[in-house]
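As structure tokens, the structure follows; a few thoughts come after it.
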Amino acid sequence: MDNIRIAVLSAYDDVRAFLDNEAPESMHYYDDELHEYLKGAASTFKTDAQHPESVNLVEGNKLAFKWRRKDYYFNIVRVIRDEYEVEVEAYSLNMELLNERVDAYKAAKAMKFSEYLNVFDFEKVLTLNINEVSDKTITNEWTGSEELLARIY
């Protein structure tokens, strides 16, 4: 099995700690699972609650690592802690977008995809990189509410 070094980041992406099973003084993790879905990924693992850096494993902080040439970036959404063990559940950005709902919307004019993204992702969670339809406009209307990720798709 590959050893994966996981960076624990603050909510503002400052490095707080590392989980690394090959570094003797680092937090070690076990019972780890990575679930990949069509619309995102989820990760769970456990670590020792006695390790001084385990205080950085809190809801709202992030996890980042690279595995098999793919980058992963997770939001910690649930932490269960007792005096011996910390259990962490984290979702990728796409899974986080499943928790956000957007209401009905009707565009007043034909808009580019980037304009629609600005309307629905006003918190700027996503970054639009390569836009293959940057010159196209369309007038869309959504009559019901749905998850933000579904609306973007």
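The chains in the structure tokens are called A, B, ... from first to last as shown; in each chain the residues are counted from 1, and the ligands are counted from 1 in the order shown.
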* To do: Can you list, as an MDAnalysis selection string, all residues belonging to region 28-69 of chain A that DSSP tags as strand (DSSP E)?
  => chainID A and resid 29:37 40:48 62:67
* Asked: Near region 67-76 of chain A, counting only C-alpha atoms, which residues have an atom at most 12 Å away, once you skip same-chain residues fewer than 5 positions from it, shown as a PyMOL selection string?
  -> chain A and resi 1-13+34-36+40-45+56-62+87-97+125
* Asked: Near Asp135 (chain A), counting only C-alpha atoms, which residues have an atom at most 10 Å away, once you skip same-chain residues fewer than 3 positions from it, shown as a PyMOL selection string?
  -> chain A and resi 111-113+131-132
Emit the selected residues as an mmCIF file, in the first residue's frame, including N, CA, C and O atoms.
```cif
data_model
loop_
_atom_site.group_PDB
_atom_site.id
_atom_site.type_symbol
_atom_site.label_atom_id
_atom_site.label_comp_id
_atom_site.auth_asym_id
_atom_site.auth_seq_id
_atom_site.Cartn_x
_atom_site.Cartn_y
_atom_site.Cartn_z
ATOM 1 N N MET A 111 -26.630 34.815 -21.099
ATOM 2 C CA MET A 111 -25.431 34.938 -20.269
ATOM 3 C C MET A 111 -24.425 33.852 -20.620
ATOM 4 O O MET A 111 -24.783 32.780 -21.092
ATOM 5 N N LYS A 112 -23.152 34.156 -20.352
ATOM 6 C CA LYS A 112 -22.078 33.179 -20.510
ATOM 7 C C LYS A 112 -22.073 32.257 -19.293
ATOM 8 O O LYS A 112 -22.617 32.591 -18.241
ATOM 9 N N PHE A 113 -21.419 31.112 -19.454
ATOM 10 C CA PHE A 113 -21.314 30.177 -18.330
ATOM 11 C C PHE A 113 -20.660 30.846 -17.125
ATOM 12 O O PHE A 113 -21.088 30.653 -15.985
ATOM 13 N N ASN A 131 -12.319 27.370 -20.034
ATOM 14 C CA ASN A 131 -13.732 27.527 -20.372
ATOM 15 C C ASN A 131 -13.867 27.336 -21.877
ATOM 16 O O ASN A 131 -13.602 28.250 -22.653
ATOM 17 N N GLU A 132 -14.297 26.153 -22.285
ATOM 18 C CA GLU A 132 -14.386 25.819 -23.703
ATOM 19 C C GLU A 132 -15.590 26.458 -24.381
ATOM 20 O O GLU A 132 -15.728 26.378 -25.597
#
```
* Separation of CA of Val15 (chain A) from CA of Gln50 (chain A) in Å -> 20.0 Å
* To do: Would you work out the distance separating CA of Tyr153 (chain A) from CA of Leu117 (chain A), expressed in Å to one decimal?
  => 10.6 Å
* **Within 9 Å of Lys109 (chain A) using only C-alpha atoms, minus same-chain residues under 3 positions, as JSON, numbers by chain** => {"A": [106, 138, 139, 140]}
Residues from last step as file, all heavy atoms, as a CSV table (one decimal), in the first residue's frame:
```
chain,number,residue,atom,x,y,z
A,106,LYS,N,-34.3,32.8,-13.1
A,106,LYS,CA,-34.5,33.1,-14.6
A,106,LYS,C,-33.6,34.2,-15.0
A,106,LYS,O,-33.6,35.3,-14.4
A,106,LYS,CB,-35.9,33.5,-14.8
A,106,LYS,CG,-36.2,33.8,-16.3
A,106,LYS,CD,-37.7,34.1,-16.5
A,106,LYS,CE,-37.9,34.3,-18.0
A,106,LYS,NZ,-39.3,34.6,-18.4
A,138,ILE,N,-26.4,31.9,-23.4
A,138,ILE,CA,-27.7,31.2,-23.5
A,138,ILE,C,-28.6,31.8,-22.4
A,138,ILE,O,-28.1,32.3,-21.4
A,138,ILE,CB,-27.6,29.7,-23.3
A,138,ILE,CG1,-28.9,29.0,-23.5
A,138,ILE,CG2,-27.0,29.4,-21.9
A,138,ILE,CD1,-28.7,27.4,-23.6
A,139,THR,N,-29.9,31.9,-22.6
A,139,THR,CA,-30.9,32.3,-21.6
A,139,THR,C,-31.5,31.1,-21.0
A,139,THR,O,-32.1,30.3,-21.7
A,139,THR,CB,-32.0,33.2,-22.2
A,139,THR,OG1,-31.4,34.3,-22.9
A,139,THR,CG2,-32.9,33.7,-21.2
A,140,ASN,N,-31.3,30.9,-19.7
A,140,ASN,CA,-31.8,29.7,-19.0
A,140,ASN,C,-32.7,30.1,-17.9
A,140,ASN,O,-32.7,31.2,-17.3
A,140,ASN,CB,-30.6,29.0,-18.3
A,140,ASN,CG,-30.2,27.8,-19.2
A,140,ASN,OD1,-31.0,27.1,-19.8
A,140,ASN,ND2,-28.9,27.4,-19.1
```
* **Which of A:Thr47, A:Asp31, A:Glu146, A:Ala64 sits closest to Asp14 (chain A) [using only C-alpha atoms]** =>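 Smallest separation from Asp14 (chain A) among the options: A:Ala64.
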* To do: Can you pull out every residue within 9 Å of Arg101 (chain A), counting only C-alpha atoms, but drop anything in the same chain fewer than 6 positions away, and send it as a ChimeraX atom specification?
  => /A:145-149
* Asked: Any idea what the distance is between CA of Ala49 (chain A) and CA of Glu33 (chain A)?
  ->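 Taking CA of Ala49 (chain A) and CA of Glu33 (chain A), their separation equals 18.8 Å.
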* **Nearest to Ala104 (chain A) by atom-to-atom distance, counting only C-alpha atoms, from A:Val119, A:Leu126, A:Val79, A:Ala23** =>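 Closest to Ala104 (chain A), using only C-alpha atoms: A:Val119.
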* **Which residue of A:Glu123, A:Ser114, A:Asp103, A:Asp32 approaches Gly144 (chain A) most closely, using only C-alpha atoms** =>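 Looking only at the distances to Gly144 (chain A), the closest residue turns out to be A:Asp103.
Proximity to Tyr29 (chain A) at 8 Å, evaluated using only C-alpha atoms and with sequence-adjacent residues fewer than 4 positions away removed, yields Leu19, Asp20, Asn21, Phe45, Lys46, Thr47 and Asp48 of chain A.
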